[in-house]
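Worksheet for the structure shown next.
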Amino acid sequence: MEPIVQKILVVGGNGFIGSAVCRTALARGMQVTSISSSGRPYRTPKGHTPAWVSKVEWKKADALNPETYADLLPNVDGVVHTIGILLEDGSYKAALAHGDIPKLFGAFTNRSDRGTNSFGRSNGDAGKSTYEALNRDSEPVTTHVRPFVYLSAEDISQPVIPARYIETKHEAEQRISRLLGDHPGFRAVFIRPSLVYHAHQRPLVSPFAALIDLSASLHARIPAGVPTPSSVLRMLGSKFSSTSSSSSGAHTRPPIYDTPPSSSTFPFGLASTLNSMANALTIPPIHVDHVAEAICVALDPRRTDVKGVVGVKEMRELIGWS
């Protein structure tokens, strides 16, 4: 049996999480090819090129147009899809990387919740297109079931981040799952990180990560039945949505399950926002390197038990946290 996936394709490998996946995969002995709209190799926020970058094959391709990278699919043993946007104004990425508070504030205050085309195409259609192309244009070159890892997200960001961001991510999970039903040669894994931080690459995020981690730790220590800020928010959310019991179940869901919850488990409007805020208080943040490590574990052909939705708790378990 092969110990690890030998060759992987990372969609968006020059991004924040994608670059961490590339670096971690190389350290585990994998061959890595990255595709992105620019095709440019990864560079740090300060413009440096790490030594590991030269070991990745960087390609230019359109994630929404599988024909631009169909030739790469037949020989890969696994795919990691990391492309997604939080805001339609993409300037927030540079602002986070450079610690530019005014520009970051401008990106968030000028956001639009009403336009769904950009979110739907970037966060949903791209993942679906990549998976469809993988099924259509490639046949397994090894005997194991090939993993398709899709970077999704936990619902912790409302009202700061538009609800449509989470909706498109979870809709993509459902579409990929339906496609998977007809192709048993592939294993879908949906990675759902919470707030992802890195002290140097995302300096503005670190203080928030520390506060959220403290909140999650305190909530975990409070005895069951004692009211907490998160439980109050969920109770208020239940007043506005008949599906609140399903949405709160997302916090107590089984560690890993095959089929993502239906869209009805994510209530809209005020109830959705309140539940998202409750999640933010109880789900700890996660370091980008830990996300990358969990993804690489999921790529291991021996880990056929890793499939479906994988949240922060499950990611920590995959990388050996108690």
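By convention in this document, the chains of the structure tokens carry letters A, B, ... by their order, each chain's residues are numbered from 1, and ligands are numbered from 1 in the order they are shown.
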(request) Please identify all polymer residues within 9 Å of segment 291-293 of chain A, counting only C-alpha atoms, omitting same-chain residues fewer than 6 positions from it, and present them as a count of residues only. (result) 17
(message) Just checking: using only C-alpha atoms, which residue out of A:Ser152, A:Thr282, A:Ser157, A:Thr82 ends up closest to Lys313 of chain A?
(response)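 Going through A:Ser152, A:Thr282, A:Ser157, A:Thr82 one by one, the smallest distance to Lys313 of chain A is for A:Thr282.
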(message) Please determine, counting only C-alpha atoms, which residue among A:Gln6, A:Ser177, A:Thr33, A:Ser230 has the shortest atom-to-atom distance to Lys55 of chain A.
(response)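 Closest candidate: A:Thr33.
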(message) Quick one: residues within 12 Å of Ser54 of chain A, only C-alpha atoms, excluding same-chain residues fewer than 6 positions away - as JSON, numbers by chain?
(response) {"A": [22, 23, 26, 31, 32, 33, 34, 40, 41, 42, 43]}
Take the residues from that selection and write them out as a compact mmCIF listing (two decimals), in the first residue's frame, keeping N, CA and C atoms.
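The resulting file, again_29.txt, is reproduced below:
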# COMPACT_ATOMS: atom_id res chain seq x y z
N CYS A 22 0.49 23.56 0.11
CA CYS A 22 1.62 23.21 -0.77
C CYS A 22 2.87 22.93 0.06
N ARG A 23 3.18 23.81 0.99
CA ARG A 23 4.38 23.67 1.81
C ARG A 23 4.32 22.40 2.65
N LEU A 26 4.65 19.18 0.46
CA LEU A 26 6.04 18.94 0.07
C LEU A 26 6.84 18.33 1.21
N GLN A 31 4.39 15.32 -4.50
CA GLN A 31 4.63 16.20 -5.63
C GLN A 31 3.42 17.12 -5.76
N VAL A 32 3.68 18.40 -5.93
CA VAL A 32 2.59 19.38 -5.88
C VAL A 32 2.55 20.23 -7.14
N THR A 33 1.37 20.33 -7.72
CA THR A 33 1.10 21.27 -8.81
C THR A 33 0.02 22.22 -8.33
N SER A 34 0.21 23.50 -8.59
CA SER A 34 -0.77 24.51 -8.21
C SER A 34 -1.30 25.23 -9.44
N ARG A 40 1.21 32.72 -10.94
CA ARG A 40 2.44 33.18 -10.31
C ARG A 40 2.75 32.36 -9.06
N PRO A 41 4.03 32.10 -8.81
CA PRO A 41 4.42 31.39 -7.59
C PRO A 41 4.09 32.21 -6.36
N TYR A 42 3.97 31.53 -5.26
CA TYR A 42 3.65 32.18 -3.99
C TYR A 42 4.78 33.10 -3.55
N ARG A 43 4.39 34.24 -2.98
CA ARG A 43 5.33 35.16 -2.35
C ARG A 43 4.72 35.60 -1.02
(message) Applying 6 Å and only C-alpha atoms, which residues near Phe190 of chain A remain after dropping the ones on its own chain fewer than 5 positions away? List them as a count of residues only.
(response) 6
(message) Calculated over only C-alpha atoms, which of the candidates A:Ile161, A:Glu314, A:Phe186, A:Ser217 has the smallest distance to Met277 of chain A?
(response)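 For Met277 of chain A, the nearest of the given residues is A:Ile161.
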